[in-house]
>>> print(open('run.pdb').read())   # PDB, C-alpha atoms
ATOM      1  CA  MET S   1     -19.935 265.078   8.244  1.00  0.00           C
ATOM      2  CA  ALA S   2     -19.916 268.874   8.515  1.00  0.00           C
ATOM      3  CA  ASP S   3     -22.479 270.618  10.708  1.00  0.00           C
ATOM      4  CA  ALA S   4     -25.441 271.845   8.665  1.00  0.00           C
ATOM      5  CA  ILE S   5     -26.739 275.404   8.586  1.00  0.00           C
ATOM      6  CA  MET S   6     -29.904 276.403   6.757  1.00  0.00           C
ATOM      7  CA  PHE S   7     -30.839 279.702   5.103  1.00  0.00           C
ATOM      8  CA  VAL S   8     -34.473 280.385   4.225  1.00  0.00           C
ATOM      9  CA  ASP S   9     -35.300 283.308   1.909  1.00  0.00           C
ATOM     10  CA  ASP S  10     -37.664 283.809  -0.995  1.00  0.00           C
ATOM     11  CA  GLU S  11     -35.094 285.972  -2.830  1.00  0.00           C
ATOM     12  CA  GLU S  12     -32.818 283.742  -4.883  1.00  0.00           C
ATOM     13  CA  ASN S  13     -30.131 286.439  -5.161  1.00  0.00           C
ATOM     14  CA  ILE S  14     -29.847 286.522  -1.356  1.00  0.00           C
ATOM     15  CA  LEU S  15     -29.518 282.738  -1.186  1.00  0.00           C
ATOM     16  CA  ASN S  16     -26.840 282.830  -3.906  1.00  0.00           C
ATOM     17  CA  SER S  17     -24.928 285.490  -1.978  1.00  0.00           C
ATOM     18  CA  LEU S  18     -25.117 283.441   1.217  1.00  0.00           C
ATOM     19  CA  ARG S  19     -23.818 280.359  -0.566  1.00  0.00           C
ATOM     20  CA  ARG S  20     -20.827 282.364  -1.798  1.00  0.00           C
ATOM     21  CA  VAL S  21     -20.123 283.859   1.631  1.00  0.00           C
ATOM     22  CA  PHE S  22     -20.185 280.482   3.396  1.00  0.00           C
ATOM     23  CA  ARG S  23     -18.612 278.279   0.719  1.00  0.00           C
ATOM     24  CA  ARG S  24     -15.231 278.282   2.491  1.00  0.00           C
ATOM     25  CA  GLU S  25     -16.652 277.902   5.992  1.00  0.00           C
ATOM     26  CA  PRO S  26     -16.661 274.446   7.660  1.00  0.00           C
ATOM     27  CA  TYR S  27     -20.429 273.911   7.301  1.00  0.00           C
ATOM     28  CA  GLU S  28     -22.816 272.155   5.015  1.00  0.00           C
ATOM     29  CA  VAL S  29     -25.004 274.956   3.635  1.00  0.00           C
ATOM     30  CA  ILE S  30     -28.660 274.189   2.890  1.00  0.00           C
ATOM     31  CA  THR S  31     -30.842 276.836   1.224  1.00  0.00           C
ATOM     32  CA  CYS S  32     -34.627 276.888   0.929  1.00  0.00           C
ATOM     33  CA  PRO S  33     -36.859 279.408  -0.900  1.00  0.00           C
ATOM     34  CA  SER S  34     -39.781 279.057   1.524  1.00  0.00           C
ATOM     35  CA  ALA S  35     -40.656 278.108   5.084  1.00  0.00           C
ATOM     36  CA  GLU S  36     -42.731 275.195   3.836  1.00  0.00           C
ATOM     37  CA  GLU S  37     -39.785 273.698   1.964  1.00  0.00           C
ATOM     38  CA  ALA S  38     -37.531 274.241   4.973  1.00  0.00           C
ATOM     39  CA  LEU S  39     -39.885 272.178   7.157  1.00  0.00           C
ATOM     40  CA  LYS S  40     -39.848 269.357   4.601  1.00  0.00           C
ATOM     41  CA  VAL S  41     -36.039 269.309   4.593  1.00  0.00           C
ATOM     42  CA  LEU S  42     -35.909 269.337   8.393  1.00  0.00           C
ATOM     43  CA  GLU S  43     -37.920 266.115   8.499  1.00  0.00           C
ATOM     44  CA  SER S  44     -34.871 264.238   7.237  1.00  0.00           C
ATOM     45  CA  ARG S  45     -31.893 266.502   8.009  1.00  0.00           C
ATOM     46  CA  GLU S  46     -30.362 267.652  11.298  1.00  0.00           C
ATOM     47  CA  VAL S  47     -29.701 271.392  11.134  1.00  0.00           C
ATOM     48  CA  LYS S  48     -27.673 273.059  13.889  1.00  0.00           C
ATOM     49  CA  VAL S  49     -28.381 276.708  12.975  1.00  0.00           C
ATOM     50  CA  LEU S  50     -31.319 278.042  10.955  1.00  0.00           C
ATOM     51  CA  ILE S  51     -31.400 281.612   9.610  1.00  0.00           C
ATOM     52  CA  THR S  52     -34.603 282.822   7.993  1.00  0.00           C
ATOM     53  CA  ASP S  53     -35.948 285.934   6.346  1.00  0.00           C
ATOM     54  CA  GLN S  54     -38.981 287.407   8.107  1.00  0.00           C
ATOM     55  CA  LEU S  55     -41.398 288.515   5.371  1.00  0.00           C
ATOM     56  CA  MET S  56     -41.935 285.758   2.807  1.00  0.00           C
ATOM     57  CA  PRO S  57     -44.981 284.559   0.869  1.00  0.00           C
ATOM     58  CA  GLY S  58     -46.992 282.136   3.000  1.00  0.00           C
ATOM     59  CA  MET S  59     -45.436 281.509   6.403  1.00  0.00           C
ATOM     60  CA  LYS S  60     -43.444 284.310   8.053  1.00  0.00           C
ATOM     61  CA  GLY S  61     -39.992 283.658   9.435  1.00  0.00           C
ATOM     62  CA  THR S  62     -41.115 283.911  13.059  1.00  0.00           C
ATOM     63  CA  GLU S  63     -43.972 281.492  12.347  1.00  0.00           C
ATOM     64  CA  LEU S  64     -41.466 279.049  10.891  1.00  0.00           C
ATOM     65  CA  LEU S  65     -39.234 279.344  13.943  1.00  0.00           C
ATOM     66  CA  ARG S  66     -42.129 278.669  16.326  1.00  0.00           C
ATOM     67  CA  VAL S  67     -42.690 275.362  14.552  1.00  0.00           C
ATOM     68  CA  VAL S  68     -38.956 274.612  14.541  1.00  0.00           C
ATOM     69  CA  LYS S  69     -38.760 275.277  18.279  1.00  0.00           C
ATOM     70  CA  GLN S  70     -41.554 272.775  18.946  1.00  0.00           C
ATOM     71  CA  LYS S  71     -40.223 270.046  16.654  1.00  0.00           C
ATOM     72  CA  TYR S  72     -36.453 270.638  16.782  1.00  0.00           C
ATOM     73  CA  PRO S  73     -35.758 272.559  20.013  1.00  0.00           C
ATOM     74  CA  LEU S  74     -31.968 272.150  19.834  1.00  0.00           C
ATOM     75  CA  THR S  75     -31.759 274.001  16.512  1.00  0.00           C
ATOM     76  CA  ILE S  76     -30.586 277.589  17.040  1.00  0.00           C
ATOM     77  CA  ARG S  77     -32.947 280.021  15.342  1.00  0.00           C
ATOM     78  CA  ILE S  78     -32.076 283.434  13.846  1.00  0.00           C
ATOM     79  CA  VAL S  79     -34.242 285.964  11.965  1.00  0.00           C
ATOM     80  CA  LEU S  80     -32.469 287.943   9.247  1.00  0.00           C
ATOM     81  CA  SER S  81     -34.622 290.625   7.671  1.00  0.00           C
ATOM     82  CA  GLY S  82     -34.467 293.917   5.837  1.00  0.00           C
ATOM     83  CA  HIS S  83     -37.981 294.753   6.952  1.00  0.00           C
ATOM     84  CA  SER S  84     -39.144 296.337  10.202  1.00  0.00           C
ATOM     85  CA  ASP S  85     -41.879 293.887  11.161  1.00  0.00           C
ATOM     86  CA  MET S  86     -40.854 294.381  14.775  1.00  0.00           C
ATOM     87  CA  LEU S  87     -44.030 293.369  16.652  1.00  0.00           C
ATOM     88  CA  ASP S  88     -43.801 289.760  15.500  1.00  0.00           C
ATOM     89  CA  ILE S  89     -40.063 289.678  16.088  1.00  0.00           C
ATOM     90  CA  ILE S  90     -40.249 291.144  19.609  1.00  0.00           C
ATOM     91  CA  SER S  91     -42.993 288.659  20.458  1.00  0.00           C
ATOM     92  CA  ALA S  92     -40.824 285.791  19.194  1.00  0.00           C
ATOM     93  CA  ILE S  93     -37.855 287.008  21.249  1.00  0.00           C
ATOM     94  CA  ASN S  94     -39.975 287.267  24.403  1.00  0.00           C
ATOM     95  CA  GLU S  95     -41.300 283.749  23.900  1.00  0.00           C
ATOM     96  CA  GLY S  96     -37.796 282.359  23.443  1.00  0.00           C
ATOM     97  CA  GLU S  97     -38.462 281.463  19.833  1.00  0.00           C
ATOM     98  CA  ILE S  98     -35.290 283.009  18.401  1.00  0.00           C
ATOM     99  CA  TYR S  99     -31.618 283.355  19.294  1.00  0.00           C
ATOM    100  CA  ARG S 100     -31.078 286.686  17.543  1.00  0.00           C
ATOM    101  CA  PHE S 101     -32.745 289.163  15.230  1.00  0.00           C
ATOM    102  CA  LEU S 102     -30.434 290.702  12.651  1.00  0.00           C
ATOM    103  CA  LYS S 103     -31.125 293.313  10.030  1.00  0.00           C
ATOM    104  CA  LYS S 104     -29.888 292.259   6.609  1.00  0.00           C
ATOM    105  CA  PRO S 105     -26.404 293.787   6.383  1.00  0.00           C
ATOM    106  CA  ASP S 106     -25.025 295.307   3.219  1.00  0.00           C
ATOM    107  CA  ASP S 107     -22.104 292.935   3.636  1.00  0.00           C
ATOM    108  CA  LEU S 108     -23.345 289.402   4.329  1.00  0.00           C
ATOM    109  CA  THR S 109     -19.880 288.341   5.511  1.00  0.00           C
ATOM    110  CA  ASP S 110     -20.862 289.922   8.847  1.00  0.00           C
ATOM    111  CA  LEU S 111     -22.980 286.803   9.380  1.00  0.00           C
ATOM    112  CA  VAL S 112     -19.984 284.478   9.529  1.00  0.00           C
ATOM    113  CA  GLY S 113     -19.082 285.434  13.112  1.00  0.00           C
ATOM    114  CA  THR S 114     -22.705 285.219  14.259  1.00  0.00           C
ATOM    115  CA  VAL S 115     -23.081 281.721  12.844  1.00  0.00           C
ATOM    116  CA  ALA S 116     -19.783 280.603  14.403  1.00  0.00           C
ATOM    117  CA  ARG S 117     -20.952 281.850  17.793  1.00  0.00           C
ATOM    118  CA  ALA S 118     -24.338 280.174  17.423  1.00  0.00           C
ATOM    119  CA  MET S 119     -22.632 276.916  16.433  1.00  0.00           C
ATOM    120  CA  GLU S 120     -20.534 276.972  19.625  1.00  0.00           C
ATOM    121  CA  GLN S 121     -23.701 277.248  21.701  1.00  0.00           C
ATOM    122  CA  SER S 122     -25.359 274.514  19.672  1.00  0.00           C
ATOM    123  CA  HIS S 123     -22.482 272.176  20.469  1.00  0.00           C
ATOM    124  CA  ALA S 124     -22.679 273.046  24.176  1.00  0.00           C
ATOM    125  CA  VAL S 125     -26.408 272.398  24.575  1.00  0.00           C
ATOM    126  CA  ARG S 126     -26.219 269.179  22.571  1.00  0.00           C
ATOM    127  CA  GLN S 127     -23.361 268.057  24.784  1.00  0.00           C
ATOM    128  CA  ILE S 128     -25.495 268.741  27.856  1.00  0.00           C
ATOM    129  CA  ALA S 129     -28.344 266.748  26.309  1.00  0.00           C
ATOM    130  CA  GLU S 130     -25.939 263.863  25.645  1.00  0.00           C
ATOM    131  CA  LEU S 131     -24.622 263.986  29.221  1.00  0.00           C
ATOM    132  CA  VAL S 132     -28.170 263.915  30.583  1.00  0.00           C
ATOM    133  CA  THR S 133     -28.942 260.880  28.421  1.00  0.00           C
ATOM    134  CA  LEU S 134     -25.818 259.122  29.724  1.00  0.00           C
ATOM    135  CA  TYR S 135     -26.916 259.900  33.287  1.00  0.00           C
ATOM    136  CA  GLU S 136     -30.349 258.404  32.601  1.00  0.00           C
ATOM    137  CA  GLN S 137     -28.702 255.240  31.329  1.00  0.00           C
ATOM    138  CA  LYS S 138     -26.384 254.957  34.351  1.00  0.00           C
ATOM    139  CA  THR S 139     -29.027 255.376  37.027  1.00  0.00           C
ATOM    140  CA  GLU S 140     -31.470 252.674  38.000  1.00  0.00           C
ATOM    141  CA  HIS S 141     -34.515 254.776  38.857  1.00  0.00           C
ATOM    142  CA  GLY S 142     -35.403 255.247  35.187  1.00  0.00           C
ATOM    143  CA  LYS S 143     -36.241 258.941  35.455  1.00  0.00           C
ATOM    144  CA  LYS S 144     -36.397 261.008  32.297  1.00  0.00           C
ATOM    145  CA  TYR S 145     -35.255 264.610  32.119  1.00  0.00           C
ATOM    146  CA  HIS S 146     -36.486 267.354  29.806  1.00  0.00           C
ATOM    147  CA  LEU S 147     -34.415 270.276  28.550  1.00  0.00           C
ATOM    148  CA  HIS S 148     -35.713 273.760  27.832  1.00  0.00           C
ATOM    149  CA  THR S 149     -33.180 276.133  26.299  1.00  0.00           C
ATOM    150  CA  CYS S 150     -32.917 279.894  25.881  1.00  0.00           C
ATOM    151  CA  TYR S 151     -30.110 281.505  23.882  1.00  0.00           C
ATOM    152  CA  SER S 152     -28.530 284.901  23.359  1.00  0.00           C
ATOM    153  CA  SER S 153     -25.238 285.946  21.795  1.00  0.00           C
ATOM    154  CA  GLY S 154     -23.244 285.567  25.025  1.00  0.00           C
ATOM    155  CA  PHE S 155     -25.535 283.502  27.201  1.00  0.00           C
ATOM    156  CA  LEU S 156     -27.000 280.002  27.246  1.00  0.00           C
ATOM    157  CA  LYS S 157     -29.712 279.053  29.740  1.00  0.00           C
ATOM    158  CA  VAL S 158     -30.837 275.451  30.157  1.00  0.00           C
ATOM    159  CA  GLU S 159     -33.716 274.410  32.405  1.00  0.00           C
ATOM    160  CA  LEU S 160     -33.626 270.712  33.265  1.00  0.00           C
ATOM    161  CA  ASN S 161     -36.826 269.194  34.634  1.00  0.00           C
ATOM    162  CA  SER S 162     -37.680 265.664  35.714  1.00  0.00           C
ATOM    163  CA  GLU S 163     -41.045 263.927  36.059  1.00  0.00           C
ATOM    164  CA  ASN S 164     -40.776 264.349  39.859  1.00  0.00           C
ATOM    165  CA  ILE S 165     -39.111 267.045  41.955  1.00  0.00           C
ATOM    166  CA  LEU S 166     -35.755 265.760  43.223  1.00  0.00           C
ATOM    167  CA  ASP S 167     -34.048 266.471  46.525  1.00  0.00           C
ATOM    168  CA  GLN S 168     -30.868 268.507  46.865  1.00  0.00           C
ATOM    169  CA  LYS S 169     -28.535 265.493  46.891  1.00  0.00           C
ATOM    170  CA  GLN S 170     -30.033 264.087  43.685  1.00  0.00           C
ATOM    171  CA  VAL S 171     -29.838 267.428  41.873  1.00  0.00           C
ATOM    172  CA  LEU S 172     -26.231 267.948  42.947  1.00  0.00           C
ATOM    173  CA  GLY S 173     -25.439 264.474  41.616  1.00  0.00           C
ATOM    174  CA  ILE S 174     -26.855 265.368  38.204  1.00  0.00           C
ATOM    175  CA  LEU S 175     -25.067 268.734  38.049  1.00  0.00           C
ATOM    176  CA  ASN S 176     -21.794 267.097  39.098  1.00  0.00           C
ATOM    177  CA  HIS S 177     -22.239 264.516  36.363  1.00  0.00           C
ATOM    178  CA  ILE S 178     -22.757 267.251  33.769  1.00  0.00           C
ATOM    179  CA  ILE S 179     -19.739 269.228  34.984  1.00  0.00           C
ATOM    180  CA  SER S 180     -17.213 266.465  35.503  1.00  0.00           C
ATOM    181  CA  ASP S 181     -18.250 263.239  33.766  1.00  0.00           C
ATOM    182  CA  ASN S 182     -15.180 262.129  31.841  1.00  0.00           C
ATOM    183  CA  ASP S 183     -16.608 258.962  30.309  1.00  0.00           C
ATOM    184  CA  GLN S 184     -15.670 258.985  26.633  1.00  0.00           C
ATOM    185  CA  GLY S 185     -14.542 262.633  26.972  1.00  0.00           C
ATOM    186  CA  HIS S 186     -18.025 264.028  27.525  1.00  0.00           C
ATOM    187  CA  SER S 187     -17.292 266.658  30.199  1.00  0.00           C
ATOM    188  CA  LEU S 188     -18.102 270.314  29.486  1.00  0.00           C
ATOM    189  CA  ASP S 189     -15.220 272.699  28.833  1.00  0.00           C
ATOM    190  CA  ILE S 190     -15.805 274.926  31.884  1.00  0.00           C
ATOM    191  CA  ALA S 191     -13.363 277.638  32.988  1.00  0.00           C
ATOM    192  CA  GLY S 192     -15.053 278.184  36.359  1.00  0.00           C
ATOM    193  CA  GLY S 193     -18.406 278.483  38.030  1.00  0.00           C
ATOM    194  CA  VAL S 194     -20.592 278.324  41.119  1.00  0.00           C
ATOM    195  CA  ILE S 195     -23.701 276.414  42.203  1.00  0.00           C
ATOM    196  CA  VAL S 196     -26.405 278.395  44.034  1.00  0.00           C
ATOM    197  CA  ASN S 197     -29.426 277.076  45.919  1.00  0.00           C
ATOM    198  CA  GLN S 198     -32.263 279.590  46.145  1.00  0.00           C
ATOM    199  CA  LYS S 199     -36.030 279.880  45.706  1.00  0.00           C
ATOM    200  CA  GLY S 200     -36.558 276.169  45.178  1.00  0.00           C
ATOM    201  CA  ARG S 201     -34.006 275.888  42.386  1.00  0.00           C
ATOM    202  CA  MET S 202     -30.426 274.706  42.143  1.00  0.00           C
ATOM    203  CA  THR S 203     -28.540 276.800  39.595  1.00  0.00           C
ATOM    204  CA  LEU S 204     -25.134 276.306  38.044  1.00  0.00           C
ATOM    205  CA  TYR S 205     -23.509 279.511  36.773  1.00  0.00           C
ATOM    206  CA  ALA S 206     -20.501 278.589  34.658  1.00  0.00           C
ATOM    207  CA  ASP S 207     -18.107 280.378  32.320  1.00  0.00           C
ATOM    208  CA  LEU S 208     -17.324 278.157  29.356  1.00  0.00           C
ATOM    209  CA  LYS S 209     -13.902 278.379  27.739  1.00  0.00           C
ATOM    210  CA  SER S 210     -15.577 279.242  24.451  1.00  0.00           C
ATOM    211  CA  GLY S 211     -16.391 282.625  26.004  1.00  0.00           C
ATOM    212  CA  PHE S 212     -20.072 282.603  26.947  1.00  0.00           C
ATOM    213  CA  GLN S 213     -21.927 281.929  30.177  1.00  0.00           C
ATOM    214  CA  LEU S 214     -23.952 278.828  30.892  1.00  0.00           C
ATOM    215  CA  VAL S 215     -26.844 278.950  33.361  1.00  0.00           C
ATOM    216  CA  LEU S 216     -28.202 275.475  34.163  1.00  0.00           C
ATOM    217  CA  GLU S 217     -31.233 275.267  36.465  1.00  0.00           C
ATOM    218  CA  MET S 218     -33.107 272.415  38.145  1.00  0.00           C
ATOM    219  CA  PRO S 219     -36.001 272.603  40.627  1.00  0.00           C
ATOM    220  CA  ILE S 220     -35.381 270.970  43.998  1.00  0.00           C
ATOM    221  CA  GLU S 221     -37.640 269.592  46.674  1.00  0.00           C
ATOM    222  CA  LYS S 222     -38.369 272.178  49.375  1.00  0.00           C
ATOM    223  CA  LYS S 223     -37.772 271.121  52.958  1.00  0.00           C
ATOM    224  CA  ASN S 224     -40.566 271.781  55.410  1.00  0.00           C
ATOM    225  CA  GLY S 225     -39.711 274.325  58.061  1.00  0.00           C
TER     226      GLY S 225
END
>>> encode(input="run.pdb", output="structure tokens")
Amino acid sequence: MADAIMFVDDEENILNSLRRVFRREPYEVITCPSAEEALKVLESREVKVLITDQLMPGMKGTELLRVVKQKYPLTIRIVLSGHSDMLDIISAINEGEIYRFLKKPDDLTDLVGTVARAMEQSHAVRQIAELVTLYEQKTEHGKKYHLHTCYSSGFLKVELNSENILDQKQVLGILNHIISDNDQGHSLDIAGGVIVNQKGRMTLYADLKSGFQLVLEMPIEKKNG
């Protein structure tokens, strides 16, 4: 099944234009005329990338994306607007609610590249989530790990936290699993990278072959002295 993208806009002519632009792209295109309808659809459909207008009757686009972040954190969120409601948008960016803010272009085909880029990052973070789940299943201690993600057009940051702070050896084991686990072809497509230990965190900086940088962080147990 094709990856799903969702467009939310109260202007039917915009939704029609978006359908035409993306009809030959390798995605399932879902359109919704309101934020409320979008949330209903999301209850039963997995959407990889969601693009919403900002100013709509009822719930604003940034308000919709705050809810989406809480309920569906792996969905990449983009605001597309012809309006200059910048205070809400800047606040949403600072809080990590959205991947990008775009002004509505005269030519909507400009969105195709943005969506393709967002989809690449969606695949990467979902792959990391899958690798973490596999690691949980392999280990006997039964720990659960929680992902927090932050996106930009060329950058993907993932914070991975466990219920308890782990020591350096344990964290390195997890990072190594994410980098090099080849079970069922699950390893990340990394061109190169480095692992840095500083300020109580172990951080992997990696260049992915898709062209953007991955930053993966985990807290580590501090040694006394």
>>> atom_distance(input="run.pdb", atom1="CA of Ile76 (chain S)", atom2="CA of Asn164 (chain S)")
28.3 Å
>>> resolve_selection(input="run.pdb", expression="the PyMOL selection byres ((chain S and resi 74) around 12)", output="compact mmCIF listing (two decimals) with C-alpha atoms, in the frame of the given file")
# COMPACT_ATOMS: atom_id res chain seq x y z
CA GLU S 46 -30.36 267.65 11.30
CA VAL S 47 -29.70 271.39 11.13
CA LYS S 48 -27.67 273.06 13.89
CA VAL S 49 -28.38 276.71 12.98
CA LEU S 50 -31.32 278.04 10.96
CA LEU S 65 -39.23 279.34 13.94
CA VAL S 68 -38.96 274.61 14.54
CA LYS S 69 -38.76 275.28 18.28
CA GLN S 70 -41.55 272.77 18.95
CA LYS S 71 -40.22 270.05 16.65
CA TYR S 72 -36.45 270.64 16.78
CA PRO S 73 -35.76 272.56 20.01
CA THR S 75 -31.76 274.00 16.51
CA ILE S 76 -30.59 277.59 17.04
CA ARG S 77 -32.95 280.02 15.34
CA GLU S 97 -38.46 281.46 19.83
CA ILE S 98 -35.29 283.01 18.40
CA TYR S 99 -31.62 283.36 19.29
CA ALA S 118 -24.34 280.17 17.42
CA MET S 119 -22.63 276.92 16.43
CA GLN S 121 -23.70 277.25 21.70
CA SER S 122 -25.36 274.51 19.67
CA HIS S 123 -22.48 272.18 20.47
CA ALA S 124 -22.68 273.05 24.18
CA VAL S 125 -26.41 272.40 24.58
CA ARG S 126 -26.22 269.18 22.57
CA GLN S 127 -23.36 268.06 24.78
CA ILE S 128 -25.50 268.74 27.86
CA ALA S 129 -28.34 266.75 26.31
CA GLU S 130 -25.94 263.86 25.64
CA HIS S 146 -36.49 267.35 29.81
CA LEU S 147 -34.42 270.28 28.55
CA HIS S 148 -35.71 273.76 27.83
CA THR S 149 -33.18 276.13 26.30
CA CYS S 150 -32.92 279.89 25.88
CA TYR S 151 -30.11 281.50 23.88
CA LEU S 156 -27.00 280.00 27.25
CA VAL S 158 -30.84 275.45 30.16
>>> closest_residue(input="run.pdb", among="S:Leu134, S:Val8, S:Glu25, S:Ser44", to="Ile78 (chain S)", atoms="only C-alpha atoms")
S:Val8
>>> resolve_selection(input="run.pdb", expression="the PyMOL selection byres ((chain S and resi 26-37) around 9)", output="ChimeraX atom specification")
/S:1-12,15-16,18-19,22-25,38-42,47,52,56-61,63-64
>>> resolve_selection(input="run.pdb", expression="the PyMOL selection byres ((chain S and resi 175) around 12)", output="PyMOL selection string")
chain S and resi 128+131-132+135+158-160+168-174+176-181+187-188+193-196+202-206+215-219
>>> atom_distance(input="run.pdb", atom1="CA of Lys144 (chain S)", atom2="CA of Asp207 (chain S)")
26.6 Å
>>> atom_distance(input="run.pdb", atom1="CA of Thr109 (chain S)", atom2="CA of Gln54 (chain S)")
19.3 Å
>>> axis_aligned_box(input="run.pdb", around="region 190-197 of chain S", padding_each_side="5 Å", output="JSON")
{"center_x": -21.4, "center_y": 276.7, "center_z": 38.9, "size_x": 26.1, "size_y": 13.6, "size_z": 24.0}
>>> closest_residue(input="run.pdb", among="S:Arg100, S:Ser162, S:Ile220, S:Leu208", to="Val115 (chain S)", atoms="all atoms listed in the file")
S:Arg100
>>> residues_around(input="run.pdb", residues="Leu80 (chain S)", least_positions_apart="4", cutoff="7 Å", atoms="all atoms listed in the file", output="VMD selection string")
chain S and resid 51 to 54 101 to 104
>>> build_atoms(input="run.pdb", residues="region 15-35 of chain S", atoms="N, CA and C atoms", output="PDB file, in the frame of the given file")
ATOM      1  N   LEU S  15     -30.010 284.101  -1.427  1.00  0.00           N
ATOM      2  CA  LEU S  15     -29.518 282.738  -1.186  1.00  0.00           C
ATOM      3  C   LEU S  15     -28.203 282.486  -1.918  1.00  0.00           C
ATOM      4  N   ASN S  16     -28.090 282.990  -3.159  1.00  0.00           N
ATOM      5  CA  ASN S  16     -26.840 282.830  -3.906  1.00  0.00           C
ATOM      6  C   ASN S  16     -25.683 283.543  -3.200  1.00  0.00           C
ATOM      7  N   SER S  17     -25.962 284.737  -2.689  1.00  0.00           N
ATOM      8  CA  SER S  17     -24.928 285.490  -1.978  1.00  0.00           C
ATOM      9  C   SER S  17     -24.491 284.756  -0.723  1.00  0.00           C
ATOM     10  N   LEU S  18     -25.445 284.177   0.001  1.00  0.00           N
ATOM     11  CA  LEU S  18     -25.117 283.441   1.217  1.00  0.00           C
ATOM     12  C   LEU S  18     -24.295 282.191   0.913  1.00  0.00           C
ATOM     13  N   ARG S  19     -24.612 281.530  -0.172  1.00  0.00           N
ATOM     14  CA  ARG S  19     -23.818 280.359  -0.566  1.00  0.00           C
ATOM     15  C   ARG S  19     -22.369 280.768  -0.818  1.00  0.00           C
ATOM     16  N   ARG S  20     -22.188 281.901  -1.505  1.00  0.00           N
ATOM     17  CA  ARG S  20     -20.827 282.364  -1.798  1.00  0.00           C
ATOM     18  C   ARG S  20     -20.081 282.728  -0.511  1.00  0.00           C
ATOM     19  N   VAL S  21     -20.760 283.420   0.396  1.00  0.00           N
ATOM     20  CA  VAL S  21     -20.123 283.859   1.631  1.00  0.00           C
ATOM     21  C   VAL S  21     -19.658 282.672   2.466  1.00  0.00           C
ATOM     22  N   PHE S  22     -20.466 281.601   2.496  1.00  0.00           N
ATOM     23  CA  PHE S  22     -20.185 280.482   3.396  1.00  0.00           C
ATOM     24  C   PHE S  22     -19.522 279.292   2.696  1.00  0.00           C
ATOM     25  N   ARG S  23     -19.143 279.445   1.437  1.00  0.00           N
ATOM     26  CA  ARG S  23     -18.612 278.279   0.719  1.00  0.00           C
ATOM     27  C   ARG S  23     -17.283 277.798   1.287  1.00  0.00           C
ATOM     28  N   ARG S  24     -16.518 278.680   1.930  1.00  0.00           N
ATOM     29  CA  ARG S  24     -15.231 278.282   2.491  1.00  0.00           C
ATOM     30  C   ARG S  24     -15.302 278.042   3.999  1.00  0.00           C
ATOM     31  N   GLU S  25     -16.481 278.164   4.567  1.00  0.00           N
ATOM     32  CA  GLU S  25     -16.652 277.902   5.992  1.00  0.00           C
ATOM     33  C   GLU S  25     -16.884 276.401   6.217  1.00  0.00           C
ATOM     34  N   PRO S  26     -16.610 275.902   7.421  1.00  0.00           N
ATOM     35  CA  PRO S  26     -16.661 274.446   7.660  1.00  0.00           C
ATOM     36  C   PRO S  26     -18.074 273.924   7.933  1.00  0.00           C
ATOM     37  N   TYR S  27     -19.035 274.326   7.112  1.00  0.00           N
ATOM     38  CA  TYR S  27     -20.429 273.911   7.301  1.00  0.00           C
ATOM     39  C   TYR S  27     -20.990 273.353   5.998  1.00  0.00           C
ATOM     40  N   GLU S  28     -21.987 272.521   6.154  1.00  0.00           N
ATOM     41  CA  GLU S  28     -22.816 272.155   5.015  1.00  0.00           C
ATOM     42  C   GLU S  28     -23.933 273.188   4.925  1.00  0.00           C
ATOM     43  N   VAL S  29     -24.034 273.869   3.802  1.00  0.00           N
ATOM     44  CA  VAL S  29     -25.004 274.956   3.635  1.00  0.00           C
ATOM     45  C   VAL S  29     -26.224 274.443   2.874  1.00  0.00           C
ATOM     46  N   ILE S  30     -27.392 274.573   3.503  1.00  0.00           N
ATOM     47  CA  ILE S  30     -28.660 274.189   2.890  1.00  0.00           C
ATOM     48  C   ILE S  30     -29.475 275.459   2.680  1.00  0.00           C
ATOM     49  N   THR S  31     -30.021 275.653   1.494  1.00  0.00           N
ATOM     50  CA  THR S  31     -30.842 276.836   1.224  1.00  0.00           C
ATOM     51  C   THR S  31     -32.241 276.414   0.795  1.00  0.00           C
ATOM     52  N   CYS S  32     -33.227 277.173   1.255  1.00  0.00           N
ATOM     53  CA  CYS S  32     -34.627 276.888   0.929  1.00  0.00           C
ATOM     54  C   CYS S  32     -35.329 278.193   0.562  1.00  0.00           C
ATOM     55  N   PRO S  33     -36.177 278.185  -0.471  1.00  0.00           N
ATOM     56  CA  PRO S  33     -36.859 279.408  -0.900  1.00  0.00           C
ATOM     57  C   PRO S  33     -38.143 279.704  -0.137  1.00  0.00           C
ATOM     58  N   SER S  34     -38.536 278.828   0.774  1.00  0.00           N
ATOM     59  CA  SER S  34     -39.781 279.057   1.524  1.00  0.00           C
ATOM     60  C   SER S  34     -39.731 278.314   2.854  1.00  0.00           C
ATOM     61  N   ALA S  35     -40.564 278.769   3.782  1.00  0.00           N
ATOM     62  CA  ALA S  35     -40.656 278.108   5.084  1.00  0.00           C
ATOM     63  C   ALA S  35     -41.185 276.690   4.937  1.00  0.00           C
TER      64      ALA S  35
END
